$ cat upload11.txt   # compact mmCIF, C-alpha atoms
# COMPACT_ATOMS: atom_id res chain seq x y z
CA MET A 1 0.00 0.00 0.00
CA ILE A 2 1.06 3.54 -0.75
CA TYR A 3 -0.88 6.35 0.91
CA ASP A 4 0.08 9.96 0.23
CA GLU A 5 -0.96 13.34 -1.16
CA ILE A 6 -1.52 13.42 -4.91
CA ARG A 7 1.06 16.21 -5.29
CA ASN A 8 3.70 13.65 -4.23
CA ILE A 9 2.72 10.89 -6.65
CA SER A 10 5.82 11.30 -8.84
CA ARG A 11 7.91 10.01 -5.90
CA TYR A 12 6.64 6.52 -6.73
CA ARG A 13 7.99 6.31 -10.28
CA GLY A 14 10.07 3.26 -11.05
CA ILE A 15 7.99 0.67 -9.20
CA SER A 16 6.58 -0.57 -12.52
CA SER A 17 6.28 0.81 -16.04
CA ASN A 18 2.47 0.54 -15.93
CA LEU A 19 2.39 2.52 -12.68
CA ASP A 20 4.60 5.15 -14.36
CA VAL A 21 2.00 5.44 -17.17
CA ALA A 22 -0.73 5.97 -14.55
CA ILE A 23 1.38 8.60 -12.78
CA ASP A 24 1.93 10.44 -16.09
CA PHE A 25 -1.83 10.40 -16.67
CA LEU A 26 -2.58 11.73 -13.19
CA GLU A 27 -0.06 14.55 -13.54
CA LYS A 28 -1.59 15.69 -16.85
CA THR A 29 -5.31 15.11 -16.25
CA GLU A 30 -7.98 17.02 -14.36
CA LEU A 31 -9.94 14.08 -12.95
CA ASN A 32 -13.09 16.16 -12.44
CA ASN A 33 -13.29 16.57 -16.22
CA LEU A 34 -13.31 12.82 -16.92
CA PRO A 35 -16.65 11.26 -17.87
CA LEU A 36 -18.29 8.68 -15.65
CA GLY A 37 -17.27 5.16 -16.61
CA LYS A 38 -14.12 3.78 -18.17
CA THR A 39 -11.36 5.86 -19.75
CA GLU A 40 -8.62 3.87 -21.47
CA ILE A 41 -5.09 5.03 -20.78
CA LEU A 42 -2.98 2.10 -22.03
CA GLY A 43 -5.47 -0.48 -23.30
CA ASP A 44 -6.24 -3.12 -20.68
CA LYS A 45 -2.96 -2.44 -18.85
CA VAL A 46 -3.93 0.95 -17.39
CA PHE A 47 -7.41 2.47 -17.34
CA ALA A 48 -9.51 4.75 -15.17
CA ASN A 49 -13.01 4.16 -13.82
CA VAL A 50 -14.87 7.25 -12.62
CA MET A 51 -17.95 6.57 -10.53
CA GLU A 52 -20.47 8.16 -8.24
CA ALA A 53 -21.41 6.19 -5.13
CA GLN A 54 -22.78 6.41 -1.64
CA ALA A 55 -20.33 5.57 1.14
CA LYS A 56 -21.61 2.89 3.52
CA ASP A 57 -21.10 1.68 7.05
CA GLU A 58 -18.09 -0.62 7.39
CA LYS A 59 -20.22 -3.64 8.35
CA GLU A 60 -22.15 -3.38 5.06
CA LEU A 61 -18.98 -3.93 3.00
CA SER A 62 -16.35 -6.63 2.43
CA PHE A 63 -12.66 -6.43 1.72
CA GLU A 64 -11.94 -6.93 -1.97
CA ILE A 65 -8.95 -8.63 -3.55
CA HIS A 66 -7.53 -8.28 -7.07
CA LYS A 67 -4.63 -10.30 -8.45
CA LYS A 68 -4.17 -8.87 -11.96
CA TYR A 69 -4.43 -5.18 -11.03
CA MET A 70 -3.42 -2.75 -8.35
CA ASP A 71 -5.86 0.09 -7.66
CA ILE A 72 -5.05 3.78 -7.38
CA GLN A 73 -8.06 5.21 -5.55
CA ILE A 74 -8.73 8.96 -5.51
CA ASP A 75 -11.74 10.87 -4.15
CA ILE A 76 -12.74 13.62 -6.57
CA GLU A 77 -15.66 14.78 -4.40
CA GLY A 78 -16.53 13.69 -0.88
CA THR A 79 -14.47 11.79 1.65
CA GLU A 80 -14.34 8.08 2.39
CA LEU A 81 -12.33 5.77 4.58
CA ILE A 82 -10.37 2.94 2.99
CA PHE A 83 -9.24 0.03 5.13
CA ILE A 84 -6.27 -2.20 4.28
CA GLY A 85 -6.47 -5.74 5.61
CA LEU A 86 -3.47 -6.75 7.68
CA ASP A 87 -4.22 -10.18 9.18
CA GLY A 88 -6.83 -12.83 9.94
CA PHE A 89 -8.41 -13.17 6.49
CA HIS A 90 -11.49 -15.30 5.89
CA GLU A 91 -12.78 -15.79 2.36
CA LYS A 92 -16.34 -14.61 1.64
CA GLU A 93 -16.64 -14.64 -2.16
CA PRO A 94 -14.18 -17.01 -3.86
CA PHE A 95 -11.69 -15.31 -6.17
CA SER A 96 -12.81 -15.19 -9.82
CA PRO A 97 -9.92 -14.84 -12.31
CA GLU A 98 -12.37 -13.66 -14.99
CA LYS A 99 -13.59 -10.77 -12.81
CA ASP A 100 -10.24 -10.33 -11.02
CA PHE A 101 -12.28 -10.14 -7.83
CA GLY A 102 -12.74 -11.98 -4.57
CA SER A 103 -13.84 -10.83 -1.14
CA CYS A 104 -12.94 -11.58 2.45
CA THR A 105 -13.08 -10.36 6.01
CA ALA A 106 -10.03 -9.23 7.97
CA GLU A 107 -9.56 -9.42 11.72
CA LYS A 108 -6.95 -6.63 11.68
CA SER A 109 -6.81 -3.61 9.39
CA ALA A 110 -5.37 -0.12 9.00
CA ARG A 111 -7.66 2.81 8.25
CA MET A 112 -6.86 5.65 5.85
CA ILE A 113 -8.94 8.78 5.43
CA MET A 114 -9.19 9.91 1.85
CA GLY A 115 -10.75 13.10 0.49
CA GLN A 116 -9.55 15.56 -2.09
CA GLY A 117 -5.81 15.72 -2.56
CA ARG A 118 -5.02 12.20 -1.30
CA PHE A 119 -4.52 8.87 -3.04
CA ILE A 120 -3.94 5.28 -2.07
CA VAL A 121 -2.40 2.49 -4.11
CA CYS A 122 -3.81 -0.87 -3.08
CA MET A 123 -1.40 -3.48 -4.36
CA ALA A 124 -2.49 -6.70 -6.06
CA ASN A 125 -3.34 -9.39 -3.49
CA GLU A 126 -3.77 -6.71 -0.80
CA PRO A 127 -7.25 -6.86 0.74
CA HIS A 128 -8.81 -3.41 0.77
CA LEU A 129 -12.19 -2.05 1.80
CA PRO A 130 -13.10 1.19 0.00
CA GLY A 131 -16.27 3.23 0.28
CA VAL A 132 -16.60 3.42 4.05
CA ALA A 133 -18.50 6.48 5.28
CA ALA A 134 -16.26 9.11 6.87
CA GLU A 135 -18.80 11.95 7.10
CA ASP A 136 -22.54 12.53 7.36
CA ASP A 137 -22.59 13.47 3.65
CA ARG A 138 -21.96 10.09 2.03
CA ARG A 139 -21.89 11.18 -1.60
CA LEU A 140 -18.69 10.25 -3.40
CA LYS A 141 -17.31 10.85 -6.83
CA LYS A 142 -14.13 8.90 -7.22
CA CYS A 143 -11.62 7.66 -9.72
CA VAL A 144 -10.05 4.21 -9.54
CA ILE A 145 -7.14 3.67 -11.87
CA LYS A 146 -6.54 0.00 -12.57
CA VAL A 147 -2.85 -0.78 -13.14
CA ALA A 148 -1.94 -4.24 -14.46
CA VAL A 149 0.73 -6.07 -12.50
CA GLU A 150 3.72 -6.83 -14.68
CA SER A 151 5.02 -10.37 -14.65
$ encode --input "upload11.txt" --output "structure tokens"
Amino acid sequence: MIYDEIRNISRYRGISSNLDVAIDFLEKTELNNLPLGKTEILGDKVFANVMEAQAKDEKELSFEIHKKYMDIQIDIEGTELIFIGLDGFHEKEPFSPEKDFGSCTAEKSARMIMGQGRFIVCMANEPHLPGVAAEDDRRLKKCVIKVAVES
């Protein structure tokens, strides 16, 4: 996991070439101007999903796991909490390679507060729980950039 302010994102260049493409995109793009839905950046290797959602109570959600992609999560409007699972995982929804998705619970986790100006990179195979309500106003507009893991 990487958790920082978006103005510092260039510090993380060199981890992978696909992540570098995502960083270039973020440095040149005003996310608020992106349309809802998918925006291709580098085919199926790097793409952005912009969505509107309602944050929920933690107990209404499950940790998600991806194996093909890491997620860069950024709140465009609103503020959410994102939890990173640390230990004590119990599978809920079996992992589907076709969907690159599985879900679990975690007995221990770390909590990050998002909001404008912050980002988090959830690495592949790292259980994460986005969309947790941080404020009374639960409206979110967010961008998730999917970055393919290089083998």
$ residues_around --input "upload11.txt" --residues "Ala106 in chain A" --least-positions-apart "6" --cutoff "9 Å" --atoms "only C-alpha atoms" --output "mmCIF file with C-alpha atoms, in the frame of the given file"
data_model
loop_
_atom_site.group_PDB
_atom_site.id
_atom_site.type_symbol
_atom_site.label_atom_id
_atom_site.label_comp_id
_atom_site.auth_asym_id
_atom_site.auth_seq_id
_atom_site.Cartn_x
_atom_site.Cartn_y
_atom_site.Cartn_z
ATOM 1 C CA SER A 62 -16.350 -6.630 2.430
ATOM 2 C CA PHE A 63 -12.660 -6.430 1.720
ATOM 3 C CA ILE A 84 -6.270 -2.200 4.280
ATOM 4 C CA GLY A 85 -6.470 -5.740 5.610
ATOM 5 C CA LEU A 86 -3.470 -6.750 7.680
ATOM 6 C CA ASP A 87 -4.220 -10.180 9.180
ATOM 7 C CA GLY A 88 -6.830 -12.830 9.940
ATOM 8 C CA PHE A 89 -8.410 -13.170 6.490
ATOM 9 C CA HIS A 90 -11.490 -15.300 5.890
ATOM 10 C CA PRO A 127 -7.250 -6.860 0.740
#
$ closest_atom_pairs --input "upload11.txt" --of "range 61-104 of chain A" --to "range 131-138 of chain A" --cutoff "9 Å" --atoms "all atoms listed in the file" --output "JSON lines"
{"residue": "A:Leu61", "atom": "CA", "partner": "A:Val132", "partner_atom": "CA", "distance": 7.8}
{"residue": "A:Gly78", "atom": "CA", "partner": "A:Arg138", "partner_atom": "CA", "distance": 7.1}
{"residue": "A:Thr79", "atom": "CA", "partner": "A:Ala134", "partner_atom": "CA", "distance": 6.1}
{"residue": "A:Glu80", "atom": "CA", "partner": "A:Ala134", "partner_atom": "CA", "distance": 5.0}
{"residue": "A:Leu81", "atom": "CA", "partner": "A:Val132", "partner_atom": "CA", "distance": 4.9}
{"residue": "A:Ile82", "atom": "CA", "partner": "A:Val132", "partner_atom": "CA", "distance": 6.3}
{"residue": "A:Phe83", "atom": "CA", "partner": "A:Val132", "partner_atom": "CA", "distance": 8.2}
$ residues_around --input "upload11.txt" --residues "range 24-39 of chain A" --least-positions-apart "4" --cutoff "7 Å" --atoms "all atoms listed in the file" --output "number ranges by chain"
A: 20, 47-51, 76
$ residues_around --input "upload11.txt" --residues "Lys92 in chain A" --least-positions-apart "2" --cutoff "7 Å" --atoms "all atoms listed in the file" --output "list in words"
His90, Pro94, Ser103, Cys104 and Thr105 of chain A
$ residues_around --input "upload11.txt" --residues "Ile74 in chain A" --least-positions-apart "4" --cutoff "9 Å" --atoms "only C-alpha atoms" --output "ChimeraX atom specification"
/A:6,114-120,141-145
$ atom_distance --input "upload11.txt" --atom1 "CA of Val121 in chain A" --atom2 "CA of Val21 in chain A"
14.1 Å
$ atom_distance --input "upload11.txt" --atom1 "CA of Cys122 in chain A" --atom2 "CA of Ile72 in chain A"
6.5 Å
$ atom_distance --input "upload11.txt" --atom1 "CA of Leu42 in chain A" --atom2 "CA of His128 in chain A"
24.2 Å
$ residues_near_point --input "upload11.txt" --point "(-3.4, -0.6, -15.0)" --cutoff "10 Å" --atoms "all atoms listed in the file" --output "list in words"
Ser17, Asn18, Leu19, Asp20, Val21, Ala22, Glu40, Ile41, Leu42, Gly43, Asp44, Lys45, Val46, Phe47, Ala48, Lys68, Tyr69, Met70, Asp71, Ile72, Val144, Ile145, Lys146, Val147, Ala148, Val149 and Glu150 of chain A
$ closest_residue --input "upload11.txt" --among "A:Glu98, A:Asp75, A:Glu64, A:Met123" --to "Leu140 in chain A" --atoms "only C-alpha atoms"
A:Asp75
$ residues_around --input "upload11.txt" --residues "Gly102 in chain A" --least-positions-apart "3" --cutoff "7 Å" --atoms "all atoms listed in the file" --output "ChimeraX atom specification"
/A:64-66,93-96
$ build_atoms --input "upload11.txt" --residues "range 31-52 of chain A" --atoms "N, CA, C and O atoms" --output "JSON list (two decimals), keeping the file's coordinate frame"
[["chain", "number", "residue", "atom", "x", "y", "z"],
["A", 31, "LEU", "N", -9.03, 15.21, -13.12],
["A", 31, "LEU", "CA", -9.94, 14.08, -12.95],
["A", 31, "LEU", "C", -11.40, 14.50, -12.95],
["A", 31, "LEU", "O", -12.26, 13.75, -13.40],
["A", 32, "ASN", "N", -11.70, 15.69, -12.47],
["A", 32, "ASN", "CA", -13.09, 16.16, -12.44],
["A", 32, "ASN", "C", -13.67, 16.32, -13.84],
["A", 32, "ASN", "O", -14.89, 16.34, -14.00],
["A", 33, "ASN", "N", -12.81, 16.42, -14.85],
["A", 33, "ASN", "CA", -13.29, 16.57, -16.22],
["A", 33, "ASN", "C", -13.50, 15.24, -16.93],
["A", 33, "ASN", "O", -13.99, 15.21, -18.06],
["A", 34, "LEU", "N", -13.12, 14.14, -16.31],
["A", 34, "LEU", "CA", -13.31, 12.82, -16.92],
["A", 34, "LEU", "C", -14.78, 12.43, -16.87],
["A", 34, "LEU", "O", -15.47, 12.73, -15.90],
["A", 35, "PRO", "N", -15.25, 11.73, -17.90],
["A", 35, "PRO", "CA", -16.65, 11.26, -17.87],
["A", 35, "PRO", "C", -16.80, 10.10, -16.90],
["A", 35, "PRO", "O", -15.82, 9.40, -16.57],
["A", 36, "LEU", "N", -18.02, 9.87, -16.45],
["A", 36, "LEU", "CA", -18.29, 8.68, -15.65],
["A", 36, "LEU", "C", -18.03, 7.45, -16.52],
["A", 36, "LEU", "O", -18.23, 7.48, -17.73],
["A", 37, "GLY", "N", -17.56, 6.40, -15.88],
["A", 37, "GLY", "CA", -17.27, 5.16, -16.61],
["A", 37, "GLY", "C", -15.79, 5.02, -16.89],
["A", 37, "GLY", "O", -14.94, 5.65, -16.26],
["A", 38, "LYS", "N", -15.50, 4.18, -17.87],
["A", 38, "LYS", "CA", -14.12, 3.78, -18.17],
["A", 38, "LYS", "C", -13.46, 4.73, -19.16],
["A", 38, "LYS", "O", -14.04, 5.10, -20.17],
["A", 39, "THR", "N", -12.21, 5.10, -18.84],
["A", 39, "THR", "CA", -11.36, 5.86, -19.75],
["A", 39, "THR", "C", -10.09, 5.05, -19.96],
["A", 39, "THR", "O", -9.36, 4.77, -18.99],
["A", 40, "GLU", "N", -9.84, 4.63, -21.19],
["A", 40, "GLU", "CA", -8.62, 3.87, -21.47],
["A", 40, "GLU", "C", -7.41, 4.79, -21.45],
["A", 40, "GLU", "O", -7.46, 5.92, -21.93],
["A", 41, "ILE", "N", -6.35, 4.29, -20.85],
["A", 41, "ILE", "CA", -5.09, 5.03, -20.78],
["A", 41, "ILE", "C", -4.02, 4.27, -21.57],
["A", 41, "ILE", "O", -3.34, 4.83, -22.40],
["A", 42, "LEU", "N", -3.91, 2.97, -21.31],
["A", 42, "LEU", "CA", -2.98, 2.10, -22.03],
["A", 42, "LEU", "C", -3.67, 0.74, -22.22],
["A", 42, "LEU", "O", -3.31, -0.26, -21.59],
["A", 43, "GLY", "N", -4.72, 0.74, -23.03],
["A", 43, "GLY", "CA", -5.47, -0.48, -23.30],
["A", 43, "GLY", "C", -5.99, -1.11, -22.01],
["A", 43, "GLY", "O", -6.53, -0.43, -21.15],
["A", 44, "ASP", "N", -5.79, -2.43, -21.89],
["A", 44, "ASP", "CA", -6.24, -3.12, -20.68],
["A", 44, "ASP", "C", -5.17, -3.15, -19.60],
["A", 44, "ASP", "O", -5.36, -3.73, -18.54],
["A", 45, "LYS", "N", -4.05, -2.48, -19.85],
["A", 45, "LYS", "CA", -2.96, -2.44, -18.85],
["A", 45, "LYS", "C", -3.14, -1.32, -17.83],
["A", 45, "LYS", "O", -2.76, -1.46, -16.67],
["A", 46, "VAL", "N", -3.69, -0.20, -18.28],
["A", 46, "VAL", "CA", -3.93, 0.95, -17.39],
["A", 46, "VAL", "C", -5.20, 1.65, -17.87],
["A", 46, "VAL", "O", -5.29, 2.06, -19.02],
["A", 47, "PHE", "N", -6.19, 1.75, -16.99],
["A", 47, "PHE", "CA", -7.41, 2.47, -17.34],
["A", 47, "PHE", "C", -8.03, 3.05, -16.08],
["A", 47, "PHE", "O", -7.75, 2.60, -14.97],
["A", 48, "ALA", "N", -8.86, 4.06, -16.29],
["A", 48, "ALA", "CA", -9.51, 4.75, -15.17],
["A", 48, "ALA", "C", -11.00, 4.44, -15.18],
["A", 48, "ALA", "O", -11.61, 4.33, -16.25],
["A", 49, "ASN", "N", -11.57, 4.29, -14.00],
["A", 49, "ASN", "CA", -13.01, 4.16, -13.82],
["A", 49, "ASN", "C", -13.46, 5.30, -12.90],
["A", 49, "ASN", "O", -13.00, 5.38, -11.77],
["A", 50, "VAL", "N", -14.32, 6.17, -13.42],
["A", 50, "VAL", "CA", -14.87, 7.25, -12.62],
["A", 50, "VAL", "C", -16.30, 6.86, -12.26],
["A", 50, "VAL", "O", -17.06, 6.41, -13.13],
["A", 51, "MET", "N", -16.63, 6.99, -10.98],
["A", 51, "MET", "CA", -17.95, 6.57, -10.53],
["A", 51, "MET", "C", -18.49, 7.50, -9.46],
["A", 51, "MET", "O", -17.72, 8.18, -8.78],
["A", 52, "GLU", "N", -19.80, 7.49, -9.34],
["A", 52, "GLU", "CA", -20.47, 8.16, -8.24],
["A", 52, "GLU", "C", -21.05, 7.06, -7.36],
["A", 52, "GLU", "O", -21.56, 6.05, -7.87]]
